[in-house]
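Next up, start03.csv (CSV, C-alpha atoms):
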```csv
chain,number,residue,atom,x,y,z
A,1,MET,CA,60.5,142.0,-15.2
A,2,LYS,CA,60.6,145.5,-13.6
A,3,PRO,CA,59.5,145.8,-10.0
A,4,ALA,CA,56.0,147.0,-9.4
A,5,PHE,CA,55.2,150.4,-7.8
A,6,LEU,CA,52.0,150.0,-5.7
A,7,ILE,CA,50.1,152.9,-4.2
A,8,THR,CA,47.8,152.1,-1.3
A,9,ILE,CA,45.5,154.7,0.4
A,10,ASP,CA,43.8,153.9,3.7
A,11,THR,CA,40.6,155.7,2.7
A,12,GLU,CA,38.9,156.7,5.9
A,13,GLY,CA,37.3,159.5,7.9
A,14,ASP,CA,38.9,162.8,8.9
A,15,ASN,CA,41.7,162.9,11.5
A,16,LEU,CA,40.8,159.6,13.2
A,17,TRP,CA,43.9,159.9,15.3
A,18,ALA,CA,41.9,162.3,17.5
A,19,ALA,CA,39.1,159.7,18.0
A,20,PRO,CA,36.3,162.1,17.1
A,21,ALA,CA,32.9,161.5,18.6
A,22,GLU,CA,31.4,162.1,15.1
A,23,ILE,CA,33.3,161.0,12.1
A,24,THR,CA,33.3,163.3,9.0
A,25,THR,CA,34.5,162.5,5.5
A,26,GLU,CA,35.5,165.9,4.1
A,27,ASN,CA,38.8,164.5,2.9
A,28,ALA,CA,36.9,162.8,0.0
A,29,ARG,CA,36.9,166.2,-1.7
A,30,TRP,CA,40.7,166.3,-1.7
A,31,LEU,CA,41.2,163.0,-3.5
A,32,PRO,CA,40.8,164.2,-7.1
A,33,ARG,CA,44.0,166.2,-6.8
A,34,PHE,CA,45.9,163.1,-5.7
A,35,GLN,CA,44.3,160.9,-8.4
A,36,ALA,CA,45.3,163.5,-11.0
A,37,LEU,CA,48.9,163.4,-9.8
A,38,CYS,CA,48.9,159.6,-10.0
A,39,GLU,CA,47.6,159.7,-13.5
A,40,ARG,CA,50.1,162.3,-14.5
A,41,TYR,CA,52.8,159.8,-13.8
A,42,GLY,CA,50.9,156.8,-15.1
A,43,LEU,CA,50.4,155.3,-11.6
A,44,ARG,CA,47.5,153.1,-10.5
A,45,PRO,CA,46.4,153.6,-6.9
A,46,THR,CA,44.4,151.3,-4.7
A,47,TYR,CA,41.9,153.0,-2.4
A,48,LEU,CA,41.4,150.7,0.5
A,49,THR,CA,38.0,151.9,1.7
A,50,ASN,CA,36.4,151.7,5.1
A,51,TYR,CA,32.7,151.9,6.2
A,52,GLU,CA,32.2,155.7,6.5
A,53,MET,CA,33.9,156.4,3.2
A,54,ALA,CA,31.8,153.8,1.4
A,55,ARG,CA,28.7,155.6,2.6
A,56,CYS,CA,30.1,159.1,1.7
A,57,PRO,CA,28.3,160.3,-1.5
A,58,VAL,CA,31.3,162.4,-2.5
A,59,PHE,CA,33.7,159.5,-2.3
A,60,ALA,CA,31.3,157.2,-4.0
A,61,ALA,CA,31.0,159.5,-7.0
A,62,PHE,CA,34.7,159.9,-7.2
A,63,ALA,CA,35.3,156.1,-6.9
A,64,ARG,CA,32.7,155.2,-9.5
A,65,GLU,CA,34.4,157.7,-12.0
A,66,VAL,CA,37.9,156.3,-11.5
A,67,LEU,CA,36.6,152.8,-11.8
A,68,ARG,CA,34.7,153.7,-15.0
A,69,ARG,CA,38.0,154.9,-16.5
A,70,ASN,CA,39.9,151.9,-15.1
A,71,ALA,CA,42.3,154.4,-13.4
A,72,ALA,CA,42.4,152.9,-9.9
A,73,GLU,CA,41.2,150.0,-7.8
A,74,ILE,CA,38.8,150.0,-4.8
A,75,GLY,CA,39.6,147.6,-2.0
A,76,ALA,CA,38.5,147.2,1.6
A,77,HIS,CA,39.8,148.6,4.9
A,78,LEU,CA,38.1,147.4,8.0
A,79,HIS,CA,37.9,149.6,11.1
A,80,ALA,CA,36.3,146.9,13.2
A,81,TRP,CA,35.3,149.3,16.0
A,82,ASN,CA,32.8,151.3,13.9
A,83,SER,CA,32.0,148.8,11.1
A,84,PRO,CA,28.7,146.9,11.5
A,85,PRO,CA,27.5,144.8,13.0
A,86,LEU,CA,28.3,146.8,16.1
A,87,GLN,CA,28.7,144.9,19.4
A,88,PRO,CA,30.9,147.0,21.9
A,89,LEU,CA,34.1,145.3,23.1
A,90,THR,CA,35.1,148.1,25.4
A,91,ARG,CA,33.4,150.9,27.2
A,92,ASN,CA,34.2,153.2,24.3
A,93,ASP,CA,35.3,151.4,21.1
A,94,GLY,CA,35.5,154.7,19.2
A,95,ARG,CA,38.1,156.0,21.6
A,96,TYR,CA,40.2,152.8,22.0
A,97,GLY,CA,39.9,151.4,18.4
A,98,PRO,CA,40.1,147.7,19.3
A,99,TYR,CA,41.9,145.5,16.8
A,100,ALA,CA,39.7,143.4,14.6
A,101,THR,CA,41.5,140.4,16.0
A,102,GLU,CA,40.3,141.2,19.5
A,103,TYR,CA,36.6,140.7,18.6
A,104,PRO,CA,35.0,137.2,18.7
A,105,ALA,CA,35.8,135.2,15.5
A,106,GLY,CA,32.2,135.0,14.5
A,107,LEU,CA,31.7,138.7,14.8
A,108,LEU,CA,34.9,139.4,12.8
A,109,HIS,CA,33.6,137.2,10.0
A,110,GLU,CA,30.3,139.1,10.0
A,111,LYS,CA,32.1,142.5,9.9
A,112,VAL,CA,34.2,141.4,7.0
A,113,GLY,CA,31.1,140.2,5.2
A,114,CYS,CA,29.1,143.3,5.9
A,115,LEU,CA,31.8,145.7,4.7
A,116,THR,CA,32.4,143.5,1.6
A,117,ARG,CA,28.8,143.5,0.6
A,118,LEU,CA,28.5,147.3,1.1
A,119,LEU,CA,31.6,148.0,-1.1
A,120,GLU,CA,30.5,145.6,-3.8
A,121,ASP,CA,26.9,146.9,-3.8
A,122,THR,CA,28.1,150.5,-3.9
A,123,PHE,CA,30.8,150.2,-6.5
A,124,GLU,CA,29.5,147.1,-8.5
A,125,VAL,CA,33.0,145.4,-8.5
A,126,LYS,CA,34.3,142.4,-6.7
A,127,MET,CA,36.4,143.2,-3.7
A,128,THR,CA,39.8,141.4,-3.9
A,129,SER,CA,42.2,143.6,-2.0
A,130,HIS,CA,42.3,144.5,1.7
A,131,ARG,CA,44.2,146.1,4.6
A,132,ALA,CA,43.3,145.7,8.3
A,133,GLY,CA,42.7,148.8,10.4
A,134,ARG,CA,45.6,149.6,12.7
A,135,TRP,CA,47.6,146.7,11.0
A,136,GLY,CA,45.8,144.2,13.2
A,137,PHE,CA,45.8,140.9,11.4
A,138,ASP,CA,45.8,137.1,12.2
A,139,GLY,CA,44.9,133.7,10.8
A,140,VAL,CA,41.2,134.0,11.7
A,141,TYR,CA,41.0,137.3,9.9
A,142,ALA,CA,42.9,135.8,6.9
A,143,GLY,CA,40.3,133.0,6.8
A,144,ALA,CA,37.5,135.4,6.7
A,145,LEU,CA,39.1,137.2,3.8
A,146,VAL,CA,39.5,134.0,1.8
A,147,GLU,CA,35.9,133.1,2.6
A,148,HIS,CA,34.7,136.3,1.0
A,149,GLY,CA,36.9,136.0,-2.1
A,150,TYR,CA,39.8,138.3,-1.3
A,151,VAL,CA,43.0,137.6,-3.2
A,152,VAL,CA,45.5,140.0,-1.6
A,153,ASP,CA,46.1,141.6,1.8
A,154,CYS,CA,48.6,144.3,2.7
A,155,SER,CA,48.4,144.5,6.5
A,156,VAL,CA,51.9,143.3,7.4
A,157,THR,CA,54.6,145.9,8.4
A,158,PRO,CA,58.0,144.1,8.3
A,159,GLY,CA,60.3,144.9,11.2
A,160,VAL,CA,57.6,146.7,13.2
A,161,SER,CA,55.9,145.6,16.4
A,162,TRP,CA,52.6,147.0,17.5
A,163,LYS,CA,52.6,145.2,20.8
A,164,SER,CA,52.9,148.5,22.8
A,165,SER,CA,50.0,150.0,20.9
A,166,LEU,CA,46.9,148.9,22.7
A,167,GLY,CA,43.4,148.5,21.2
A,168,ASP,CA,41.3,147.0,24.0
A,169,PRO,CA,42.9,148.4,27.2
A,170,ALA,CA,42.6,144.9,28.7
A,171,GLY,CA,44.2,143.3,25.6
A,172,ALA,CA,47.8,142.5,24.7
A,173,GLY,CA,48.3,145.1,22.0
A,174,GLY,CA,48.8,144.6,18.3
A,175,PRO,CA,50.8,142.1,16.3
A,176,ASP,CA,54.6,141.8,16.2
A,177,TYR,CA,55.8,141.8,12.6
A,178,THR,CA,59.5,142.2,13.6
A,179,ASP,CA,60.5,139.0,11.7
A,180,SER,CA,57.9,139.0,9.0
A,181,PRO,CA,59.1,138.7,5.3
A,182,ALA,CA,59.5,141.9,3.4
A,183,GLU,CA,58.6,140.4,0.0
A,184,PRO,CA,55.2,139.0,-1.0
A,185,TYR,CA,54.2,135.6,0.3
A,186,PHE,CA,51.2,133.3,0.8
A,187,VAL,CA,50.2,133.5,4.5
A,188,ASP,CA,50.3,130.6,6.8
A,189,PRO,CA,46.8,130.3,8.3
A,190,ALA,CA,48.4,129.4,11.6
A,191,ASP,CA,50.6,132.5,11.7
A,192,VAL,CA,50.1,135.2,9.1
A,193,ARG,CA,53.6,136.5,9.9
A,194,ARG,CA,55.2,133.7,8.0
A,195,PRO,CA,54.9,132.1,4.6
A,196,GLY,CA,52.5,129.2,4.2
A,197,CYS,CA,50.1,127.6,1.8
A,198,SER,CA,46.8,129.6,2.0
A,199,GLU,CA,45.0,131.2,-0.9
A,200,LEU,CA,45.7,134.7,0.4
A,201,LEU,CA,48.7,136.6,-0.9
A,202,GLU,CA,50.4,139.0,1.5
A,203,VAL,CA,52.1,142.1,0.1
A,204,PRO,CA,53.8,143.8,3.0
A,205,VAL,CA,54.2,147.6,3.1
A,206,THR,CA,57.7,148.6,2.1
A,207,ILE,CA,59.7,149.3,5.3
A,208,MET,CA,63.5,148.9,5.2
A,209,SER,CA,66.8,150.2,6.3
A,210,THR,CA,68.4,152.8,4.0
A,211,ALA,CA,71.6,153.1,6.0
A,212,PRO,CA,74.9,152.2,4.5
A,213,ARG,CA,75.3,148.5,4.6
A,214,VAL,CA,78.3,148.7,6.8
A,215,VAL,CA,76.2,150.5,9.4
A,216,ASP,CA,73.6,147.7,9.3
A,217,ARG,CA,76.3,145.1,9.8
A,218,ILE,CA,77.7,147.0,12.8
A,219,ARG,CA,74.2,147.5,14.2
A,220,GLU,CA,73.4,143.8,14.0
A,221,LYS,CA,76.4,143.0,16.2
A,222,LEU,CA,75.5,145.4,19.0
A,223,PRO,CA,73.1,144.5,21.8
A,224,PRO,CA,69.8,146.3,21.4
A,225,ARG,CA,70.0,148.9,24.2
A,226,VAL,CA,73.7,149.8,24.4
A,227,LEU,CA,74.7,153.4,23.8
A,228,PRO,CA,76.6,152.9,20.5
A,229,ARG,CA,73.6,151.2,19.0
A,230,ARG,CA,71.3,154.0,20.2
A,231,VAL,CA,73.6,156.5,18.6
A,232,LEU,CA,73.6,154.6,15.3
A,233,ASN,CA,69.8,154.4,15.4
A,234,ARG,CA,69.6,158.1,15.8
A,235,LEU,CA,72.0,158.9,13.0
A,236,PHE,CA,70.8,156.1,10.7
A,237,PRO,CA,67.2,155.1,11.5
A,238,PRO,CA,66.9,151.3,11.3
A,239,LEU,CA,63.6,151.4,9.4
A,240,THR,CA,62.2,153.8,6.8
A,241,TRP,CA,58.7,153.5,5.5
A,242,LEU,CA,57.7,154.3,2.0
A,243,ARG,CA,55.2,156.8,3.2
A,244,PRO,CA,55.3,160.6,3.8
A,245,ALA,CA,56.2,161.8,7.2
A,246,ARG,CA,55.5,165.1,8.9
A,247,GLY,CA,58.2,167.7,8.1
A,248,ALA,CA,60.2,165.2,6.0
A,249,GLY,CA,61.4,165.7,2.5
A,250,ASP,CA,61.7,163.2,-0.4
A,251,ALA,CA,65.2,162.0,0.3
A,252,ALA,CA,64.3,159.1,2.6
A,253,MET,CA,61.7,157.7,0.3
A,254,LEU,CA,64.0,158.1,-2.8
A,255,ARG,CA,66.6,156.1,-0.9
A,256,VAL,CA,64.0,153.4,-0.3
A,257,LEU,CA,63.3,153.1,-4.0
A,258,GLU,CA,67.0,153.0,-4.8
A,259,ARG,CA,67.7,150.2,-2.2
A,260,ALA,CA,64.7,148.2,-3.4
A,261,ARG,CA,66.1,148.3,-7.0
A,262,GLU,CA,69.5,147.2,-5.7
A,263,GLU,CA,68.0,144.3,-3.8
A,264,GLY,CA,66.0,143.2,-6.7
A,265,ARG,CA,62.6,143.4,-5.0
A,266,THR,CA,59.5,142.4,-6.8
A,267,CYS,CA,57.6,145.5,-5.7
A,268,VAL,CA,57.5,148.5,-3.5
A,269,GLU,CA,54.4,149.6,-1.7
A,270,PHE,CA,53.8,153.2,-0.9
A,271,MET,CA,51.0,154.1,1.6
A,272,ILE,CA,49.2,157.1,2.8
A,273,HIS,CA,45.9,157.9,4.5
A,274,SER,CA,43.2,159.8,2.5
A,275,SER,CA,42.9,162.3,5.4
A,276,GLU,CA,46.6,163.2,5.1
A,277,LEU,CA,45.8,164.8,1.8
A,278,MET,CA,43.6,167.4,3.4
A,279,PRO,CA,44.8,170.4,5.5
A,280,GLY,CA,44.0,169.6,9.1
A,281,GLY,CA,42.9,166.1,8.2
A,282,SER,CA,45.8,164.6,10.2
A,283,PRO,CA,48.4,165.6,12.8
A,284,SER,CA,51.1,165.2,10.1
A,285,PHE,CA,49.8,167.8,7.7
A,286,PRO,CA,47.9,170.4,9.7
A,287,ASP,CA,47.6,173.3,7.2
A,288,ALA,CA,47.6,174.3,3.5
A,289,ASP,CA,51.3,175.0,3.5
A,290,SER,CA,52.1,171.5,4.8
A,291,ILE,CA,49.9,170.0,2.1
A,292,GLU,CA,51.8,171.9,-0.6
A,293,LYS,CA,55.1,170.6,0.8
A,294,LEU,CA,53.6,167.1,0.8
A,295,TYR,CA,52.7,167.4,-2.9
A,296,GLY,CA,56.3,168.5,-3.6
A,297,VAL,CA,57.5,165.3,-2.0
A,298,LEU,CA,54.9,163.2,-3.9
A,299,ASN,CA,55.9,164.7,-7.2
A,300,ALA,CA,59.6,163.7,-6.6
A,301,VAL,CA,58.8,160.2,-5.5
A,302,PHE,CA,56.3,159.5,-8.2
A,303,ALA,CA,58.6,160.8,-10.9
A,304,ALA,CA,61.3,158.4,-9.6
A,305,ALA,CA,58.8,155.6,-9.9
A,306,ALA,CA,59.2,155.7,-13.7
A,307,THR,CA,61.6,152.8,-13.5
A,308,PHE,CA,58.9,150.6,-11.9
A,309,SER,CA,55.8,149.0,-13.3
A,310,PRO,CA,52.6,150.8,-12.2
A,311,LEU,CA,50.0,148.3,-10.9
A,312,THR,CA,47.1,148.1,-8.5
A,313,LEU,CA,47.3,145.6,-5.7
A,314,THR,CA,45.1,143.0,-7.4
A,315,GLU,CA,46.9,143.5,-10.8
A,316,PHE,CA,50.2,142.8,-9.0
A,317,ALA,CA,48.8,139.8,-7.2
A,318,THR,CA,47.4,138.4,-10.5
A,319,ALA,CA,50.8,138.8,-12.1
A,320,ILE,CA,52.9,137.3,-9.4
A,321,ILE,CA,50.8,134.5,-8.0
A,322,PRO,CA,51.6,132.0,-10.7
A,323,THR,CA,55.4,132.5,-10.2
A,324,LEU,CA,55.1,132.1,-6.4
A,325,ARG,CA,53.0,128.9,-6.8
A,326,GLN,CA,55.7,127.5,-9.1
A,327,GLN,CA,58.3,128.4,-6.5
A,328,GLN,CA,56.3,126.6,-3.9
A,329,LEU,CA,56.1,123.4,-6.0
A,330,ALA,CA,59.8,123.5,-6.7
A,331,ASP,CA,60.6,123.9,-3.0
A,332,ARG,CA,58.4,120.9,-2.2
A,333,ALA,CA,60.0,118.8,-4.8
A,334,ARG,CA,63.5,119.3,-3.4
```
Spell out the structure here as C-alpha cells.
Amino acid sequence: MKPAFLITIDTEGDNLWAAPAEITTENARWLPRFQALCERYGLRPTYLTNYEMARCPVFAAFAREVLRRNAAEIGAHLHAWNSPPLQPLTRNDGRYGPYATEYPAGLLHEKVGCLTRLLEDTFEVKMTSHRAGRWGFDGVYAGALVEHGYVVDCSVTPGVSWKSSLGDPAGAGGPDYTDSPAEPYFVDPADVRRPGCSELLEVPVTIMSTAPRVVDRIREKLPPRVLPRRVLNRLFPPLTWLRPARGAGDAAMLRVLERAREEGRTCVEFMIHSSELMPGGSPSFPDADSIEKLYGVLNAVFAAAATFSPLTLTEFATAIIPTLRQQQLADRAR
C-alpha cells in the first residue's frame, strides 16, 4: 500500500498572529486557487474550519461547492478563546489566545459541541476530523471529541514542545510533544502523547529530521547545549515540518517526502493556514510576490506527491483503523 499524502489547512481568520481586535476573513477569497492546485494534482485537502470561517458567507459557499463535488473534506478547528460559549479566562483572551485545555472541562465540552453543531448545520455533513487551536490538546479534549463523534485528530507535533509558548499568562504553556509518536496511533485518554485504546485516532503532523543519518547519530550522542551540537543544529536542523516557511524553497519539504518513503511511513501530513495563501494574511507571506513564490513551492511539492495516495483525513483514518486495531489485538495476544 502506498503511503497517503494528507493536506490539512487550518482554516481561520486573517493574520491572527497579530491578535487583531476585529477578526476578518478575506482569505476565504483566496482558497479557490489553492483548491484548484490540489485538484490539478489529484489531491484531496481537509479544511479544518474554525468559528469565524464557518460564519463567513464566502467560505461557506466555497466549502459547499467542494463538498458537492466530493473534492475535499471539512473538519473542525477550535480556537477556544473566541469560539462560543464565551467565558473569559484572562483579561484579554483575544490577545493571549488561551489553550482550550486551560478552560474548565465543562466549558471545553460545550465549546466543542457548539462548533460541531455550527459546522454540521452549515455544511450538512458529519464532522469527523479535528485539529486543536495552537496545538493544545489533552485527554479531556480527546474525550469531548469522541463524545461528539469525531474519528481522527491531528493536533500532535512530534518532537516539538510548546511549553515556552504561553496561552493564559498565569498558565504553564502548551503541551510537550517531544517524545510523541510520529506515526498514527489511538490516543491514550490519560495522556494523548502516547498510544492507548481510545476510539480517537491521532495522525501527527509530519515533522522529522532530514539530516544525513550519520549526523543524527552524532547529534544523539552529544549533550543538548554543547557547542558541537549547536553547530550541527544550525547546519542540519533537527526537525523539518512538512509546511511552507517564509523565504524557504521546496528542497526541505522534498527531503521530507523522500525520507518518509525511505522509512516506510503510512502517511505524510502537510499543513498550512488558510491566511498564508493571501498576501498580507500572515507574517510569512506579506505580499503578492511572496505568494507567487509560495505557489512555486507548492507546485513542486504536490507534483512530488504523485507517488503517494491522495486522501482526506477521514478517508485515511477509515482505511488505516482496521489495520491498527488488528495490530493492537496481536500485541495483546503476545
Using all atoms listed in the file, find the one residue out of A:Glu110, A:Glu269, A:Asp168, A:Glu124 that sits nearest to Ser309 in chain A.
A:Glu269
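In this structure, CA of Trp162 in chain A sits 16.5 Å away from CA of Ala182 in chain A.
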Pick out the residues sitting within 12 Å of range 289-305 of chain A, and hand them over as an MDAnalysis selection string; count all atoms listed in the file, and ignore anything fewer than 4 positions along from it in its own chain.
chainID A and resid 2:7 30 33:45 242:258 260:261 267:272 275:285 309:311
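Within 8 Å of the point (41.5, 139.8, 6.3) in file coordinates, and counting all atoms listed in the file, lie the residues Val112, His130, Arg131, Ala132, Phe137, Asp138, Val140, Tyr141, Ala142, Gly143, Ala144, Leu145, Val146, Tyr150 and Asp153 of chain A.
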Suppose you want the space between CA of Val203 in chain A and CA of Val152 in chain A; what is it in Å?
7.1 Å
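Omitting Thr46 in chain A and its sequence neighbours fewer than 2 positions away, and counting only C-alpha atoms, the residues within 7 Å are Ile7, Thr8, Ile9, Arg44, Leu48, Ala72, Glu73, Ile74, Gly75, Thr312 and Leu313 of chain A.
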At a cut-off of 12 Å, using only C-alpha atoms, what residues contact Asp191 in chain A? Leave out same-chain residues fewer than 2 positions from it and give the result as a compact mmCIF listing (two decimals) with C-alpha atoms, keeping the file's coordinate frame.
```txt
# COMPACT_ATOMS: atom_id res chain seq x y z
CA PHE A 137 45.80 140.90 11.40
CA ASP A 138 45.80 137.10 12.20
CA GLY A 139 44.90 133.70 10.80
CA VAL A 140 41.20 134.00 11.70
CA TYR A 141 41.00 137.30 9.90
CA ALA A 142 42.90 135.80 6.90
CA GLY A 143 40.30 133.00 6.80
CA VAL A 156 51.90 143.30 7.40
CA PRO A 175 50.80 142.10 16.30
CA ASP A 176 54.60 141.80 16.20
CA TYR A 177 55.80 141.80 12.60
CA ASP A 179 60.50 139.00 11.70
CA SER A 180 57.90 139.00 9.00
CA PHE A 186 51.20 133.30 0.80
CA VAL A 187 50.20 133.50 4.50
CA ASP A 188 50.30 130.60 6.80
CA PRO A 189 46.80 130.30 8.30
CA ARG A 193 53.60 136.50 9.90
CA ARG A 194 55.20 133.70 8.00
CA PRO A 195 54.90 132.10 4.60
CA GLY A 196 52.50 129.20 4.20
CA CYS A 197 50.10 127.60 1.80
CA SER A 198 46.80 129.60 2.00
```
Residues at most 7 Å from Asp14 in chain A, counting all atoms listed in the file, excluding those fewer than 6 positions away in the same chain, as a list in words?
Ile23, Thr24, Thr25, Glu26, Asn27, Ser275 and Gly281 of chain A
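Between Ala61 in chain A and the candidates A:Thr157, A:Thr122, A:Thr49, A:Thr210, the tightest atom-to-atom separation, counting all atoms listed in the file, involves A:Thr122.
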Can you measure CA of Gln87 in chain A to CA of Thr11 in chain A for me? One decimal in Å is fine.
23.2 Å
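Of the residues under consideration (A:Phe308, A:Phe59, A:Tyr96, A:Trp81), A:Trp81 shows the shortest atom-to-atom contact distance to Lys111 in chain A when counting only C-alpha atoms.
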Give me, as a list in words, all polymer residues having an atom no more than 10 Å from Leu166 in chain A, counting all atoms listed in the file and skipping those fewer than 3 positions away in the same chain.
Tyr96, Gly97, Pro98, Tyr99, Trp162, Lys163, Pro169, Ala170, Gly171, Ala172, Gly173 and Gly174 of chain A
Go through A:Arg91, A:Ala333, A:Glu202, A:Leu78 one by one, measure the shortest atom-to-atom distance of each to Pro158 in chain A using all atoms listed in the file, and give the residue with the smallest value.
A:Glu202
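Among the candidate residues A:Ser83, A:Thr307, A:Ser209, A:Asn92, the one lying nearest to Leu107 in chain A is A:Ser83, with distances computed using all atoms listed in the file.
The smallest atom-to-atom distance between Ala19 in chain A and any of A:Thr314, A:Ala63, A:Gln328, A:Asp93, using all atoms listed in the file, is found for A:Asp93.
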Please return the centre and edge lengths, in Å to one decimal, of a box with edges along x, y and z that contains all listed atoms of range 188-201 of chain A, widened by 4 Å on every side, as JSON.
```
{"center_x": 50.1, "center_y": 132.1, "center_z": 5.4, "size_x": 18.2, "size_y": 17.0, "size_z": 20.6}
```
